[in-house]
Amino acid sequence: MKPGRLLEERLLCLILALQTALVCVGVLSRYAFGWSLSFTEELTRYLLVWLACLGFSACWARGEMIGFEWPGRRSQRLTVWIARIRRGAVSLFFLLLLFSSWKMMALQWRYHQTTSVMGWPILWVSLALPTACVLTGYRMWGRK
């Protein structure tokens with residue numbers, strides 16, 4: 001990888017490689033050996049959650065977040081105001097997501113919820129949401 005890669009991008013590459021390996025092992029075990037390794041499907045699904053959540057901050061840092069482009073030319077002042085409104089709306093969204101994800105994690109902790117196949121604490125999956133909120137906030141308000 002290039003030295004300019006973000007931490008999130010490195011983690012995204014690692015997760016994607018791990019998912020690819022898990023799917024290959026799952027398919028190979030099912031069709032070549034006749035056994036089903038159901039943990040590969042579950043782990044791949046939960047890694048997909050992490051992949052999506054880490055992608056938030058990587059996209060923001062690269063300026064590739066989904067957006068709306070106004071037709072025509074705008075004044076510099078209007079452009080600045082639109083950027084501020086966008087940043088404020090995204091900040092509000094991630095603050096609400098952070099608050100609700102912590103509440104969800106508290107319930108999962110309280111009731112000792114686990115994954116269905118592997119029996120791992122589901123908290124490690126849910127931790128993707130507050131992690132995404134913190135990293136996106138860092139990319140938005142801190143270091144670019």
# chains A, B, ... in the order shown; residues from 1 in each chain; ligands from 1
>>> residues_around(residues="Thr115 of chain A", least_positions_apart="3", cutoff="10 Å", atoms="only C-alpha atoms", output="list in words")
Phe39, Glu42, Leu43, Tyr46, Met118, Gly119, Trp120, Pro121, Ile122, Leu123, Trp124 and Val125 of chain A
>>> write_last_selection(atoms="N, CA and C atoms", output="PDB file, in the first residue's frame")
ATOM      1  N   PHE A  39     -20.068 -21.145  10.624  1.00  0.00           N
ATOM      2  CA  PHE A  39     -19.428 -19.976  11.239  1.00  0.00           C
ATOM      3  C   PHE A  39     -18.847 -19.047  10.177  1.00  0.00           C
ATOM      4  N   GLU A  42     -21.608 -16.614   9.168  1.00  0.00           N
ATOM      5  CA  GLU A  42     -21.903 -15.653  10.228  1.00  0.00           C
ATOM      6  C   GLU A  42     -20.782 -14.632  10.378  1.00  0.00           C
ATOM      7  N   LEU A  43     -19.562 -15.095  10.398  1.00  0.00           N
ATOM      8  CA  LEU A  43     -18.432 -14.185  10.545  1.00  0.00           C
ATOM      9  C   LEU A  43     -18.317 -13.238   9.352  1.00  0.00           C
ATOM     10  N   TYR A  46     -20.936 -10.483   9.797  1.00  0.00           N
ATOM     11  CA  TYR A  46     -20.580  -9.490  10.807  1.00  0.00           C
ATOM     12  C   TYR A  46     -19.396  -8.633  10.363  1.00  0.00           C
ATOM     13  N   MET A 118     -21.580 -18.825  16.567  1.00  0.00           N
ATOM     14  CA  MET A 118     -20.289 -18.899  17.259  1.00  0.00           C
ATOM     15  C   MET A 118     -20.404 -18.689  18.762  1.00  0.00           C
ATOM     16  N   GLY A 119     -21.487 -18.052  19.202  1.00  0.00           N
ATOM     17  CA  GLY A 119     -21.662 -17.813  20.629  1.00  0.00           C
ATOM     18  C   GLY A 119     -20.785 -16.704  21.181  1.00  0.00           C
ATOM     19  N   TRP A 120     -20.249 -15.854  20.305  1.00  0.00           N
ATOM     20  CA  TRP A 120     -19.429 -14.725  20.755  1.00  0.00           C
ATOM     21  C   TRP A 120     -20.337 -13.590  21.208  1.00  0.00           C
ATOM     22  N   PRO A 121     -19.847 -12.729  22.103  1.00  0.00           N
ATOM     23  CA  PRO A 121     -20.647 -11.560  22.479  1.00  0.00           C
ATOM     24  C   PRO A 121     -20.931 -10.696  21.243  1.00  0.00           C
ATOM     25  N   ILE A 122     -22.193 -10.331  21.088  1.00  0.00           N
ATOM     26  CA  ILE A 122     -22.603  -9.541  19.921  1.00  0.00           C
ATOM     27  C   ILE A 122     -22.057  -8.106  20.017  1.00  0.00           C
ATOM     28  N   LEU A 123     -21.533  -7.745  21.169  1.00  0.00           N
ATOM     29  CA  LEU A 123     -20.984  -6.401  21.356  1.00  0.00           C
ATOM     30  C   LEU A 123     -19.871  -6.081  20.358  1.00  0.00           C
ATOM     31  N   TRP A 124     -19.096  -7.083  19.983  1.00  0.00           N
ATOM     32  CA  TRP A 124     -17.986  -6.798  19.063  1.00  0.00           C
ATOM     33  C   TRP A 124     -18.511  -6.389  17.697  1.00  0.00           C
ATOM     34  N   VAL A 125     -19.700  -6.848  17.335  1.00  0.00           N
ATOM     35  CA  VAL A 125     -20.306  -6.412  16.072  1.00  0.00           C
ATOM     36  C   VAL A 125     -20.875  -5.005  16.245  1.00  0.00           C
TER      37      VAL A 125
END
>>> residues_around(residues="Ala132 of chain A", least_positions_apart="5", cutoff="12 Å", atoms="only C-alpha atoms", output="PyMOL selection string")
chain A and resi 8+49-60+91+93-95+97-98+101+125-127+137-140
>>> write_last_selection(atoms="C-alpha atoms", output="JSON list (two decimals), in the first residue's frame")
[["chain", "number", "residue", "atom", "x", "y", "z"],
["A", 8, "GLU", "CA", -9.51, 2.88, 7.83],
["A", 49, "VAL", "CA", -21.09, -4.60, 9.14],
["A", 50, "TRP", "CA", -17.57, -3.47, 10.09],
["A", 51, "LEU", "CA", -16.71, -2.95, 6.43],
["A", 52, "ALA", "CA", -19.67, -0.63, 5.92],
["A", 53, "CYS", "CA", -19.09, 1.31, 9.13],
["A", 54, "LEU", "CA", -15.37, 1.86, 8.57],
["A", 55, "GLY", "CA", -16.19, 2.98, 5.06],
["A", 56, "PHE", "CA", -18.05, 6.03, 6.44],
["A", 57, "SER", "CA", -14.94, 7.76, 7.73],
["A", 58, "ALA", "CA", -12.75, 6.67, 4.82],
["A", 59, "CYS", "CA", -15.25, 8.13, 2.37],
["A", 60, "TRP", "CA", -15.52, 11.38, 4.32],
["A", 91, "SER", "CA", -22.45, 15.65, 12.68],
["A", 93, "PHE", "CA", -26.64, 12.23, 12.35],
["A", 94, "PHE", "CA", -23.49, 10.66, 13.81],
["A", 95, "LEU", "CA", -24.17, 12.09, 17.29],
["A", 97, "LEU", "CA", -26.15, 7.27, 15.92],
["A", 98, "LEU", "CA", -23.50, 7.31, 18.65],
["A", 101, "SER", "CA", -25.62, 2.64, 19.49],
["A", 125, "VAL", "CA", -20.31, -6.41, 16.07],
["A", 126, "SER", "CA", -22.23, -3.50, 17.58],
["A", 127, "LEU", "CA", -18.99, -1.72, 18.43],
["A", 137, "GLY", "CA", -16.04, 12.84, 13.70],
["A", 138, "TYR", "CA", -12.25, 12.71, 13.84],
["A", 139, "ARG", "CA", -12.00, 12.93, 10.06],
["A", 140, "MET", "CA", -14.63, 15.67, 9.91]]
>>> closest_residue(among="A:Glu41, A:Gln76, A:Thr131, A:Arg5", to="Ala21 of chain A", atoms="only C-alpha atoms")
A:Glu41
>>> select_by_dssp(residues="segment 48-109 of chain A", states="helix (DSSP H, G or I)", output="ChimeraX atom specification")
/A:48-62,76-109
>>> write_last_selection(atoms="N, CA and C atoms", output="CSV table (one decimal), in the first residue's frame")
chain,number,residue,atom,x,y,z
A,48,LEU,N,-19.0,-7.7,7.4
A,48,LEU,CA,-19.6,-6.8,6.4
A,48,LEU,C,-20.1,-5.6,7.1
A,49,VAL,N,-20.6,-5.7,8.3
A,49,VAL,CA,-21.1,-4.6,9.1
A,49,VAL,C,-19.9,-3.7,9.4
A,50,TRP,N,-18.8,-4.3,9.8
A,50,TRP,CA,-17.6,-3.5,10.1
A,50,TRP,C,-17.1,-2.8,8.8
A,51,LEU,N,-17.1,-3.5,7.7
A,51,LEU,CA,-16.7,-2.9,6.4
A,51,LEU,C,-17.5,-1.7,6.1
A,52,ALA,N,-18.8,-1.8,6.2
A,52,ALA,CA,-19.7,-0.6,5.9
A,52,ALA,C,-19.4,0.5,6.9
A,53,CYS,N,-19.3,0.2,8.1
A,53,CYS,CA,-19.1,1.3,9.1
A,53,CYS,C,-17.7,2.0,9.0
A,54,LEU,N,-16.7,1.2,8.8
A,54,LEU,CA,-15.4,1.9,8.6
A,54,LEU,C,-15.3,2.7,7.3
A,55,GLY,N,-16.1,2.3,6.3
A,55,GLY,CA,-16.2,3.0,5.1
A,55,GLY,C,-16.7,4.4,5.2
A,56,PHE,N,-17.5,4.7,6.2
A,56,PHE,CA,-18.0,6.0,6.4
A,56,PHE,C,-16.9,7.0,6.5
A,57,SER,N,-16.0,6.8,7.5
A,57,SER,CA,-14.9,7.8,7.7
A,57,SER,C,-13.9,7.8,6.6
A,58,ALA,N,-13.7,6.7,6.0
A,58,ALA,CA,-12.8,6.7,4.8
A,58,ALA,C,-13.3,7.5,3.7
A,59,CYS,N,-14.6,7.3,3.4
A,59,CYS,CA,-15.3,8.1,2.4
A,59,CYS,C,-15.2,9.6,2.7
A,60,TRP,N,-15.5,10.0,4.0
A,60,TRP,CA,-15.5,11.4,4.3
A,60,TRP,C,-14.1,12.0,4.1
A,61,ALA,N,-13.1,11.2,4.6
A,61,ALA,CA,-11.7,11.7,4.5
A,61,ALA,C,-11.3,11.9,3.1
A,62,ARG,N,-11.8,11.1,2.2
A,62,ARG,CA,-11.4,11.2,0.8
A,62,ARG,C,-12.3,12.1,0.0
A,76,GLN,N,-19.0,32.0,-3.7
A,76,GLN,CA,-18.1,31.4,-2.7
A,76,GLN,C,-18.8,31.4,-1.3
A,77,ARG,N,-19.5,32.4,-1.0
A,77,ARG,CA,-20.2,32.5,0.3
A,77,ARG,C,-21.3,31.4,0.4
A,78,LEU,N,-22.0,31.2,-0.7
A,78,LEU,CA,-23.0,30.1,-0.7
A,78,LEU,C,-22.4,28.8,-0.6
A,79,THR,N,-21.3,28.5,-1.2
A,79,THR,CA,-20.6,27.3,-1.2
A,79,THR,C,-20.1,27.0,0.3
A,80,VAL,N,-19.6,28.0,0.9
A,80,VAL,CA,-19.2,27.8,2.3
A,80,VAL,C,-20.4,27.5,3.2
A,81,TRP,N,-21.5,28.2,3.0
A,81,TRP,CA,-22.7,27.9,3.9
A,81,TRP,C,-23.2,26.5,3.6
A,82,ILE,N,-23.2,26.1,2.4
A,82,ILE,CA,-23.7,24.7,2.1
A,82,ILE,C,-22.8,23.7,2.7
A,83,ALA,N,-21.5,23.9,2.7
A,83,ALA,CA,-20.5,23.0,3.3
A,83,ALA,C,-20.7,22.9,4.8
A,84,ARG,N,-21.0,24.1,5.4
A,84,ARG,CA,-21.3,24.1,6.9
A,84,ARG,C,-22.6,23.4,7.2
A,85,ILE,N,-23.6,23.6,6.4
A,85,ILE,CA,-24.9,22.9,6.7
A,85,ILE,C,-24.7,21.4,6.5
A,86,ARG,N,-23.9,21.0,5.5
A,86,ARG,CA,-23.7,19.5,5.3
A,86,ARG,C,-22.9,18.9,6.5
A,87,ARG,N,-21.9,19.6,6.9
A,87,ARG,CA,-21.1,19.2,8.0
A,87,ARG,C,-21.9,19.1,9.3
A,88,GLY,N,-22.8,20.1,9.5
A,88,GLY,CA,-23.6,20.1,10.7
A,88,GLY,C,-24.7,18.9,10.6
A,89,ALA,N,-25.2,18.7,9.5
A,89,ALA,CA,-26.2,17.6,9.4
A,89,ALA,C,-25.6,16.3,9.6
A,90,VAL,N,-24.4,16.1,9.0
A,90,VAL,CA,-23.7,14.8,9.2
A,90,VAL,C,-23.3,14.6,10.6
A,91,SER,N,-22.8,15.7,11.3
A,91,SER,CA,-22.4,15.6,12.7
A,91,SER,C,-23.6,15.3,13.5
A,92,LEU,N,-24.8,15.9,13.3
A,92,LEU,CA,-26.0,15.6,14.0
A,92,LEU,C,-26.4,14.1,13.9
A,93,PHE,N,-26.3,13.6,12.6
A,93,PHE,CA,-26.6,12.2,12.3
A,93,PHE,C,-25.7,11.3,13.1
A,94,PHE,N,-24.4,11.6,13.1
A,94,PHE,CA,-23.5,10.7,13.8
A,94,PHE,C,-23.6,10.8,15.3
A,95,LEU,N,-23.9,12.0,15.8
A,95,LEU,CA,-24.2,12.1,17.3
A,95,LEU,C,-25.4,11.3,17.7
A,96,LEU,N,-26.4,11.3,16.9
A,96,LEU,CA,-27.6,10.5,17.2
A,96,LEU,C,-27.3,9.0,17.1
A,97,LEU,N,-26.5,8.7,16.1
A,97,LEU,CA,-26.2,7.3,15.9
A,97,LEU,C,-25.3,6.8,17.1
A,98,LEU,N,-24.4,7.7,17.5
A,98,LEU,CA,-23.5,7.3,18.6
A,98,LEU,C,-24.3,7.1,19.9
A,99,PHE,N,-25.3,8.0,20.2
A,99,PHE,CA,-26.1,7.8,21.4
A,99,PHE,C,-26.9,6.6,21.3
A,100,SER,N,-27.6,6.3,20.2
A,100,SER,CA,-28.4,5.1,20.1
A,100,SER,C,-27.6,3.8,20.1
A,101,SER,N,-26.4,3.9,19.5
A,101,SER,CA,-25.6,2.6,19.5
A,101,SER,C,-25.1,2.3,20.9
A,102,TRP,N,-24.8,3.3,21.7
A,102,TRP,CA,-24.4,3.1,23.1
A,102,TRP,C,-25.5,2.5,23.9
A,103,LYS,N,-26.8,3.0,23.7
A,103,LYS,CA,-27.9,2.4,24.3
A,103,LYS,C,-28.1,1.0,23.9
A,104,MET,N,-28.0,0.7,22.6
A,104,MET,CA,-28.2,-0.7,22.2
A,104,MET,C,-27.1,-1.6,22.8
A,105,MET,N,-25.9,-1.1,22.8
A,105,MET,CA,-24.8,-1.9,23.4
A,105,MET,C,-25.0,-2.2,24.9
A,106,ALA,N,-25.6,-1.2,25.6
A,106,ALA,CA,-25.8,-1.4,27.0
A,106,ALA,C,-26.9,-2.5,27.2
A,107,LEU,N,-27.9,-2.6,26.4
A,107,LEU,CA,-28.9,-3.6,26.4
A,107,LEU,C,-28.2,-5.0,26.1
A,108,GLN,N,-27.4,-5.0,25.1
A,108,GLN,CA,-26.7,-6.3,24.7
A,108,GLN,C,-25.8,-6.8,25.9
A,109,TRP,N,-25.2,-5.9,26.5
A,109,TRP,CA,-24.3,-6.2,27.7
A,109,TRP,C,-25.2,-6.7,28.8
>>> residues_around(residues="segment 29-38 of chain A", least_positions_apart="6", cutoff="10 Å", atoms="only C-alpha atoms", output="list in words")
Leu22, Val23, Val117 and Met118 of chain A
>>> write_last_selection(atoms="C-alpha atoms", output="mmCIF file, in the first residue's frame")
data_model
loop_
_atom_site.group_PDB
_atom_site.id
_atom_site.type_symbol
_atom_site.label_atom_id
_atom_site.label_comp_id
_atom_site.auth_asym_id
_atom_site.auth_seq_id
_atom_site.Cartn_x
_atom_site.Cartn_y
_atom_site.Cartn_z
ATOM 1 C CA LEU A 22 -13.852 -17.151 4.705
ATOM 2 C CA VAL A 23 -16.230 -17.403 1.757
ATOM 3 C CA VAL A 117 -23.613 -19.770 15.653
ATOM 4 C CA MET A 118 -20.289 -18.899 17.259
#
>>> closest_residue(among="A:Glu9, A:Ile15, A:Leu129, A:Arg45", to="Ser116 of chain A", atoms="only C-alpha atoms")
A:Arg45
>>> closest_residue(among="A:Thr136, A:Arg110, A:Thr40, A:Leu47", to="Leu16 of chain A", atoms="only C-alpha atoms")
A:Leu47
>>> atom_distance(atom1="atom CA of Tyr111 of chain A", atom2="atom CA of Leu18 of chain A")
29.6 Å
